[in-house]
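Heads up: the structure comes next, in structure tokens.
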Amino acid sequence: METLRAAFDDSFVAQLIVSKTGQIIEANHQACQALNHTREELLRLSHNDLVVSDDLEMFTDTIDKFESGRTQNYRIELRYLRSDRKFLWASVSVSAVRKEGRMTALLLQLQDISEQKRAEAALQQNNHDLEQFVYIASHDLREPLTAIAGFSTLLKRRYSGHLNEEGNKFLQEIVETTKRMETKIDDLLAFSRAGRTPTSKEATFPLGLAIEEARRSLVRSIEEAHVIFTIPSDLPTVYGDRSLIAQVFQNLFSNSIKYRNLGTPRIVVTVNPGEDNCCIVSVQDNGIGFDMRHKDRIFGVFQRLYTIEQYPGTGIGLAIAKKIVERHQGRIWPESAPGKGSTFFFTLPVATQS
Amino acid sequence: MTEVHILLVEDSHQDALLIREALRDTGLEHKLTTATDGEGALQILYSAEYRPNIVFLDLNLPKISGLEVLKEMKRDSGLRSIPVIILTNSMSEDDVVTAYANHCNAYVRKPLGFERLMTSLNHICQFWFDTATLPKHRATTFTSSPPETLAL
């Protein structure tokens with residue numbers, strides 16, 4: 001008993017023992033520090049007084065689970081209100097103290113996760129602000145661009161006869177650059193929409209439908225390049241937004257076609273089971289590939305490994321694909337080598353394995 | 001085709017100028033009236049002397065928004081039958097859905113480049129005046145003060 005007592009008191013983990021009615025029976029030094037109370041104060045308090053009211057129900061539910069013997073050990077996240085009115089966000093591991101098989105009290109081990117929670121909230125806010133900014137900026141930028149594009153092409157239409165060859169060349173440069181800017185702005189809008197589009201978590205769809213949708217939207221370039229697809233017939237049903245996932249396939253296929261080698265382009269789709277009820281989808285091609293030094297850069301907005309003259313496009317496709325996959329709680333990564341083709345893998349939550 | 005009356009509701013001076021020039025180059029016989037905000041547009045529409053055959057309406061407008069102008073026009077039995085073409089930079093899903101829900105006749109994103117603008121405007125006018133059947137009230141030419149001054 002003495003050793004147990006010492007283990008409780010001297011532990012580096014904040015620990016509380018709480019009675020079935022919620023009274024705090026014991027608190028160690030770390031717990032007092034974490035909650036900014038003396039031991040005497042804590043022993044006079046009920047655990048419910050310390051927990052933020054919104055989180056109380058979660059805790060009482062946990063007690064019920066213990067009493068009915070449905071669980072032995074449980075971890076929940078609770079917010080505590082400290083005596084200095086600051087919040088302690090804790091990951092709480094709860095276990096039952098039992099006497100002759102009956103639960104008499106609960107042992108609570110509190111791990112301070114306030115920093116992590118604050119960082120997560122700040123990051124979420126940042127992402128949200130950034131998306132909002134991208135949307136507004138790209139929308140507002142398009143307005144003056146309409147005028148620049150309009151007037152430069154109007155100038156060309158009405159006055160190109162008054163300009164010499166050089167003047168016309170300069171004017172043409174303005175027209176071309178404006179077009180490029182339009183594409184970039186539209187791509188930015190598409191990128192911000194990929195993050196904003198509400199996805200229904202309950203929606204499921206057969207993965208094959210998304211692949212078909214992607215192929216249909218690329219039908220012209222697929223025919224022109226004589227692409228040979230290999231797609232498994234037994235595809236799973238997955239959770240997510242079908243048209244967004246179709247966009248992922250579309251971006252991957254269109255890259256495979258754009259960065260193809262001499263010879264017949266081949267695209268092979270495979271689906272393998274992964275961890276946590278996810279599947280791993282891969283899209284493999286026999287294209288020009290790339291150096292894995294660039295494996296992170298390629299997912300950046302407007303990042304490209306080749307000049308626009310070699311391969312047209314703004315370089316937003318993979319950034320959009322990544323954003324969509326991450327919105328589905330998945331991840332995306334490549335495997336490639338120059339001249340050896342590329343394979344892109346991404347994970348998706350599976351509804352039913354076919 | 002007889003002369004058509006077009007009401008353009010556009011707050012950007014540059015865009016209004018481009019649209020005016022583009023309409024001119026379509027060769028379509030027309031009379032163009034411009035309002036620079038929603039309030040001005042409604043004043044023109046409610047003036048007895050003037051009735052346009054078609055309205056090109058921007059959404060983002062000072063004072064009264066384009067959406068409010070649209071709602072007002074479609075509420076008014078005298079104005080309801082005038083085709084309202086939303087001509088805007090916005091391609092937000094919300095704007096498109098709301099505009100159609102409020103009975104706009106078409107939602108068009110401002111095309112980039114003079115020739116594309118001209119083609120769009122030409123197609124729209126061709127459709128509404130050659131293909132679609134519109135109610136038979138003729139546009140009346142204004143006799144006294146031109147509507148542009150009403151908009152100020």
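Identifiers for the structure tokens are assigned positionally: chains receive A, B, ... in sequence, residues are indexed from 1 per chain, and ligands are indexed from 1 in the order shown.
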For Lys31 (chain B): contacts at 8 Å, only C-alpha atoms, fewer than 3 positions along chain excluded, given as a count of residues only: 4
Distance filter 7 Å, only C-alpha atoms, chain B against chain A, as JSON, numbers by chain: {"B": [14, 15, 18, 89, 90, 112, 113, 114]}
Can those selected residues be exported to a file as a PDB file, in the first residue's frame so that it contains N, CA and C atoms?
```pdb
ATOM      1  N   GLN B  14     -14.811  50.847 -66.902  1.00  0.00           N
ATOM      2  CA  GLN B  14     -14.074  50.137 -67.951  1.00  0.00           C
ATOM      3  C   GLN B  14     -14.922  49.049 -68.598  1.00  0.00           C
ATOM      4  N   ASP B  15     -15.591  48.270 -67.753  1.00  0.00           N
ATOM      5  CA  ASP B  15     -16.399  47.179 -68.301  1.00  0.00           C
ATOM      6  C   ASP B  15     -17.558  47.728 -69.132  1.00  0.00           C
ATOM      7  N   LEU B  18     -16.198  48.704 -72.470  1.00  0.00           N
ATOM      8  CA  LEU B  18     -15.915  47.522 -73.294  1.00  0.00           C
ATOM      9  C   LEU B  18     -17.199  46.922 -73.857  1.00  0.00           C
ATOM     10  N   ASN B  89     -18.472  38.906 -62.889  1.00  0.00           N
ATOM     11  CA  ASN B  89     -17.195  38.220 -62.742  1.00  0.00           C
ATOM     12  C   ASN B  89     -17.302  37.027 -61.821  1.00  0.00           C
ATOM     13  N   SER B  90     -18.349  37.032 -61.003  1.00  0.00           N
ATOM     14  CA  SER B  90     -18.449  35.993 -59.981  1.00  0.00           C
ATOM     15  C   SER B  90     -18.835  34.653 -60.579  1.00  0.00           C
ATOM     16  N   LEU B 112     -13.402  36.949 -70.998  1.00  0.00           N
ATOM     17  CA  LEU B 112     -12.151  37.690 -71.041  1.00  0.00           C
ATOM     18  C   LEU B 112     -11.715  37.866 -72.492  1.00  0.00           C
ATOM     19  N   GLY B 113     -11.431  39.075 -72.876  1.00  0.00           N
ATOM     20  CA  GLY B 113     -11.000  39.340 -74.247  1.00  0.00           C
ATOM     21  C   GLY B 113     -12.150  39.925 -75.052  1.00  0.00           C
ATOM     22  N   PHE B 114     -11.805  40.901 -75.867  1.00  0.00           N
ATOM     23  CA  PHE B 114     -12.831  41.662 -76.574  1.00  0.00           C
ATOM     24  C   PHE B 114     -13.673  40.793 -77.509  1.00  0.00           C
TER      25      PHE B 114
END
```
In region 11-47 of chain B, DSSP strand (DSSP E or B) residues written as a ChimeraX atom specification: /B:30-35
Shell of 8 Å around Asn105 (chain B), only C-alpha atoms, local chain residues under 2 positions omitted, as a count of residues only: 7
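Among the candidates B:Val69, B:Ile19, B:Val108, B:Val9, the residue lying nearest to Leu42 (chain B) is B:Val69 (atoms considered: only C-alpha atoms).
We find CA of Arg85 (chain A) and CA of Asn28 (chain A) to be spaced 20.7 Å apart.
If you measure from each of A:Pro349, A:Gly101, A:Gly341, A:Pro232 to Pro265 (chain A) using only C-alpha atoms, the closest one turns out to be A:Gly341.
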Need the shell around Ile320 (chain A): protein/DNA/RNA residues with any atom at most 9 Å away, counting only C-alpha atoms. Skip same-chain ones fewer than 5 positions apart. Format as a compact mmCIF listing (two decimals) with C-alpha atoms, in the first residue's frame?
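The result, written out as result.txt:
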```
# COMPACT_ATOMS: atom_id res chain seq x y z
CA ALA A 190 -10.63 25.88 -58.41
CA PHE A 191 -8.03 25.21 -55.73
CA SER A 192 -9.88 27.22 -53.11
CA ALA A 194 -11.62 22.12 -53.62
CA GLY A 195 -11.18 23.08 -49.99
CA GLN A 247 -11.13 15.29 -59.97
CA VAL A 248 -8.19 13.56 -58.25
CA ASN A 251 -5.58 15.37 -62.46
CA PHE A 299 2.24 19.20 -54.65
CA VAL A 301 0.53 25.55 -55.87
CA VAL A 325 -7.38 13.64 -50.59
```
Selection near Gly315 (chain A), 10 Å with only C-alpha atoms, sequence-local residues under 3 positions removed, as a PyMOL selection string: chain A and resi 184+187+255+298-306+308+311-312+318-320
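Straight-line separation from CA of Glu309 (chain A) to CA of Glu223 (chain A): 22.9 Å.
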Secondary structure check, helix (DSSP H, G or I) residues of chain B, as a count of residues only: 64
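Checking A:Val283, A:Arg260, A:Leu244, A:Arg75 one by one against Ala321 (chain A), counting only C-alpha atoms, you find the shortest gap at A:Leu244.
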Non-local contacts of Leu107 (chain A) (10 Å; only C-alpha atoms; under 6 positions in same chain excluded) as number ranges by chain: A: 15-19, 25-27, 73, 92-97
Go ahead and write the residues just picked, N, CA and C atoms, as a compact mmCIF listing (two decimals), in the first residue's frame.
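File result-v3.txt, as written:
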```txt
# COMPACT_ATOMS: atom_id res chain seq x y z
N GLN A 15 -2.50 13.02 -11.44
CA GLN A 15 -3.47 11.96 -11.17
C GLN A 15 -4.50 12.41 -10.14
N LEU A 16 -5.74 11.99 -10.36
CA LEU A 16 -6.83 12.27 -9.44
C LEU A 16 -7.56 10.97 -9.16
N ILE A 17 -8.04 10.81 -7.92
CA ILE A 17 -8.96 9.71 -7.67
C ILE A 17 -10.30 10.35 -7.33
N VAL A 18 -11.31 9.92 -8.04
CA VAL A 18 -12.63 10.54 -7.93
C VAL A 18 -13.65 9.48 -7.52
N SER A 19 -14.48 9.84 -6.56
CA SER A 19 -15.49 8.87 -6.11
C SER A 19 -16.59 8.74 -7.15
N ILE A 25 -11.19 12.46 -4.17
CA ILE A 25 -10.72 11.79 -2.97
C ILE A 25 -9.22 11.98 -2.79
N GLU A 26 -8.52 12.00 -3.91
CA GLU A 26 -7.07 12.13 -3.83
C GLU A 26 -6.56 12.90 -5.04
N ALA A 27 -5.48 13.68 -4.84
CA ALA A 27 -4.87 14.41 -5.95
C ALA A 27 -3.38 14.46 -5.70
N ASN A 73 -10.72 0.54 -19.44
CA ASN A 73 -9.87 1.72 -19.52
C ASN A 73 -10.36 2.60 -20.66
N VAL A 92 -7.47 12.59 -20.86
CA VAL A 92 -7.65 11.93 -19.58
C VAL A 92 -7.81 10.43 -19.77
N SER A 93 -6.92 9.69 -19.14
CA SER A 93 -7.05 8.24 -19.17
C SER A 93 -7.78 7.83 -17.89
N VAL A 94 -8.91 7.18 -18.03
CA VAL A 94 -9.75 6.84 -16.89
C VAL A 94 -9.70 5.33 -16.66
N SER A 95 -9.44 4.92 -15.44
CA SER A 95 -9.57 3.49 -15.13
C SER A 95 -10.30 3.34 -13.80
N ALA A 96 -10.89 2.19 -13.59
CA ALA A 96 -11.73 1.99 -12.40
C ALA A 96 -10.90 1.44 -11.25
N VAL A 97 -11.18 1.96 -10.06
CA VAL A 97 -10.61 1.36 -8.85
C VAL A 97 -11.69 0.42 -8.32
```
Between CA of Ser254 (chain A) and CA of Ile211 (chain A), distance in Å (one decimal): 12.3 Å
Please identify all polymer residues within 10 Å of region 57-68 of chain B, counting only C-alpha atoms, omitting same-chain residues fewer than 5 positions from it, and present them as a PDB file with N, CA and C atoms, in the first residue's frame.
```
ATOM      1  N   LEU B   7     -30.582  47.760 -71.659  1.00  0.00           N
ATOM      2  CA  LEU B   7     -30.208  48.462 -70.434  1.00  0.00           C
ATOM      3  C   LEU B   7     -29.035  47.713 -69.814  1.00  0.00           C
ATOM      4  N   LEU B   8     -27.940  48.429 -69.639  1.00  0.00           N
ATOM      5  CA  LEU B   8     -26.761  47.841 -69.017  1.00  0.00           C
ATOM      6  C   LEU B   8     -26.621  48.408 -67.612  1.00  0.00           C
ATOM      7  N   VAL B   9     -26.559  47.528 -66.632  1.00  0.00           N
ATOM      8  CA  VAL B   9     -26.360  47.979 -65.262  1.00  0.00           C
ATOM      9  C   VAL B   9     -24.965  47.522 -64.838  1.00  0.00           C
ATOM     10  N   GLU B  10     -24.057  48.469 -64.799  1.00  0.00           N
ATOM     11  CA  GLU B  10     -22.647  48.120 -64.618  1.00  0.00           C
ATOM     12  C   GLU B  10     -21.945  49.271 -63.907  1.00  0.00           C
ATOM     13  N   ASP B  11     -21.298  48.971 -62.773  1.00  0.00           N
ATOM     14  CA  ASP B  11     -20.645  50.052 -62.042  1.00  0.00           C
ATOM     15  C   ASP B  11     -19.221  50.296 -62.499  1.00  0.00           C
ATOM     16  N   SER B  12     -18.609  49.302 -63.147  1.00  0.00           N
ATOM     17  CA  SER B  12     -17.238  49.520 -63.604  1.00  0.00           C
ATOM     18  C   SER B  12     -17.262  50.281 -64.922  1.00  0.00           C
ATOM     19  N   ALA B  35     -26.846  52.263 -66.493  1.00  0.00           N
ATOM     20  CA  ALA B  35     -27.009  52.699 -65.108  1.00  0.00           C
ATOM     21  C   ALA B  35     -25.791  52.190 -64.344  1.00  0.00           C
ATOM     22  N   THR B  36     -25.300  52.996 -63.399  1.00  0.00           N
ATOM     23  CA  THR B  36     -24.076  52.588 -62.710  1.00  0.00           C
ATOM     24  C   THR B  36     -24.341  51.985 -61.334  1.00  0.00           C
ATOM     25  N   ASP B  37     -25.577  51.955 -60.913  1.00  0.00           N
ATOM     26  CA  ASP B  37     -25.890  51.236 -59.673  1.00  0.00           C
ATOM     27  C   ASP B  37     -27.333  50.742 -59.706  1.00  0.00           C
ATOM     28  N   GLY B  38     -27.691  49.940 -58.703  1.00  0.00           N
ATOM     29  CA  GLY B  38     -29.003  49.310 -58.685  1.00  0.00           C
ATOM     30  C   GLY B  38     -30.140  50.308 -58.571  1.00  0.00           C
ATOM     31  N   GLU B  39     -29.904  51.350 -57.778  1.00  0.00           N
ATOM     32  CA  GLU B  39     -30.935  52.362 -57.577  1.00  0.00           C
ATOM     33  C   GLU B  39     -31.262  53.051 -58.897  1.00  0.00           C
ATOM     34  N   GLY B  40     -30.195  53.440 -59.599  1.00  0.00           N
ATOM     35  CA  GLY B  40     -30.361  54.086 -60.904  1.00  0.00           C
ATOM     36  C   GLY B  40     -31.100  53.185 -61.880  1.00  0.00           C
ATOM     37  N   ALA B  41     -30.758  51.906 -61.839  1.00  0.00           N
ATOM     38  CA  ALA B  41     -31.402  50.953 -62.751  1.00  0.00           C
ATOM     39  C   ALA B  41     -32.902  50.904 -62.510  1.00  0.00           C
ATOM     40  N   LEU B  42     -33.301  50.844 -61.228  1.00  0.00           N
ATOM     41  CA  LEU B  42     -34.732  50.776 -60.921  1.00  0.00           C
ATOM     42  C   LEU B  42     -35.443  52.067 -61.305  1.00  0.00           C
ATOM     43  N   MET B  73     -37.442  43.300 -60.242  1.00  0.00           N
ATOM     44  CA  MET B  73     -37.968  43.200 -61.608  1.00  0.00           C
ATOM     45  C   MET B  73     -38.892  42.006 -61.772  1.00  0.00           C
ATOM     46  N   LYS B  74     -38.516  40.888 -61.131  1.00  0.00           N
ATOM     47  CA  LYS B  74     -39.319  39.682 -61.315  1.00  0.00           C
ATOM     48  C   LYS B  74     -40.575  39.692 -60.432  1.00  0.00           C
ATOM     49  N   VAL B  84     -33.567  39.170 -68.174  1.00  0.00           N
ATOM     50  CA  VAL B  84     -32.473  39.717 -67.378  1.00  0.00           C
ATOM     51  C   VAL B  84     -31.284  38.765 -67.474  1.00  0.00           C
ATOM     52  N   ILE B  85     -30.208  39.270 -68.040  1.00  0.00           N
ATOM     53  CA  ILE B  85     -29.001  38.462 -68.181  1.00  0.00           C
ATOM     54  C   ILE B  85     -27.987  38.940 -67.141  1.00  0.00           C
ATOM     55  N   ILE B  86     -27.666  38.071 -66.198  1.00  0.00           N
ATOM     56  CA  ILE B  86     -26.641  38.424 -65.214  1.00  0.00           C
ATOM     57  C   ILE B  86     -25.288  38.344 -65.913  1.00  0.00           C
ATOM     58  N   LEU B  87     -24.552  39.447 -65.870  1.00  0.00           N
ATOM     59  CA  LEU B  87     -23.237  39.506 -66.523  1.00  0.00           C
ATOM     60  C   LEU B  87     -22.246  39.928 -65.450  1.00  0.00           C
ATOM     61  N   THR B  88     -21.485  38.960 -64.951  1.00  0.00           N
ATOM     62  CA  THR B  88     -20.697  39.220 -63.757  1.00  0.00           C
ATOM     63  C   THR B  88     -19.360  38.494 -63.784  1.00  0.00           C
ATOM     64  N   ASN B  89     -18.472  38.906 -62.889  1.00  0.00           N
ATOM     65  CA  ASN B  89     -17.195  38.220 -62.742  1.00  0.00           C
ATOM     66  C   ASN B  89     -17.302  37.027 -61.821  1.00  0.00           C
ATOM     67  N   SER B  90     -18.349  37.032 -61.003  1.00  0.00           N
ATOM     68  CA  SER B  90     -18.449  35.993 -59.981  1.00  0.00           C
ATOM     69  C   SER B  90     -18.835  34.653 -60.579  1.00  0.00           C
ATOM     70  N   ASP B  95     -23.830  32.378 -55.964  1.00  0.00           N
ATOM     71  CA  ASP B  95     -24.377  33.439 -56.802  1.00  0.00           C
ATOM     72  C   ASP B  95     -25.192  32.872 -57.954  1.00  0.00           C
ATOM     73  N   THR B  98     -28.466  31.339 -56.551  1.00  0.00           N
ATOM     74  CA  THR B  98     -29.392  32.376 -56.080  1.00  0.00           C
ATOM     75  C   THR B  98     -29.989  33.148 -57.253  1.00  0.00           C
ATOM     76  N   ALA B  99     -29.167  33.459 -58.235  1.00  0.00           N
ATOM     77  CA  ALA B  99     -29.669  34.231 -59.368  1.00  0.00           C
ATOM     78  C   ALA B  99     -30.750  33.441 -60.121  1.00  0.00           C
ATOM     79  N   ASN B 102     -33.955  33.237 -58.356  1.00  0.00           N
ATOM     80  CA  ASN B 102     -34.723  34.476 -58.438  1.00  0.00           C
ATOM     81  C   ASN B 102     -35.090  34.835 -59.873  1.00  0.00           C
ATOM     82  N   CYS B 104     -33.532  34.785 -62.896  1.00  0.00           N
ATOM     83  CA  CYS B 104     -32.766  35.452 -63.949  1.00  0.00           C
ATOM     84  C   CYS B 104     -32.921  34.596 -65.202  1.00  0.00           C
ATOM     85  N   TYR B 107     -27.317  33.313 -66.736  1.00  0.00           N
ATOM     86  CA  TYR B 107     -26.208  33.748 -65.895  1.00  0.00           C
ATOM     87  C   TYR B 107     -24.954  33.609 -66.735  1.00  0.00           C
ATOM     88  N   VAL B 108     -24.289  34.718 -67.014  1.00  0.00           N
ATOM     89  CA  VAL B 108     -23.124  34.691 -67.893  1.00  0.00           C
ATOM     90  C   VAL B 108     -21.935  35.294 -67.167  1.00  0.00           C
ATOM     91  N   ARG B 109     -20.830  34.572 -67.203  1.00  0.00           N
ATOM     92  CA  ARG B 109     -19.625  35.115 -66.608  1.00  0.00           C
ATOM     93  C   ARG B 109     -18.953  36.021 -67.634  1.00  0.00           C
ATOM     94  N   LYS B 110     -18.517  37.208 -67.196  1.00  0.00           N
ATOM     95  CA  LYS B 110     -17.901  38.144 -68.135  1.00  0.00           C
ATOM     96  C   LYS B 110     -16.754  37.479 -68.876  1.00  0.00           C
TER      97      LYS B 110
END
```
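When only C-alpha atoms are used to compute distances to Ile24 (chain A), the closest of the residues A:Ile267, A:Leu123, A:Leu108, A:Leu88 turns out to be A:Leu108.
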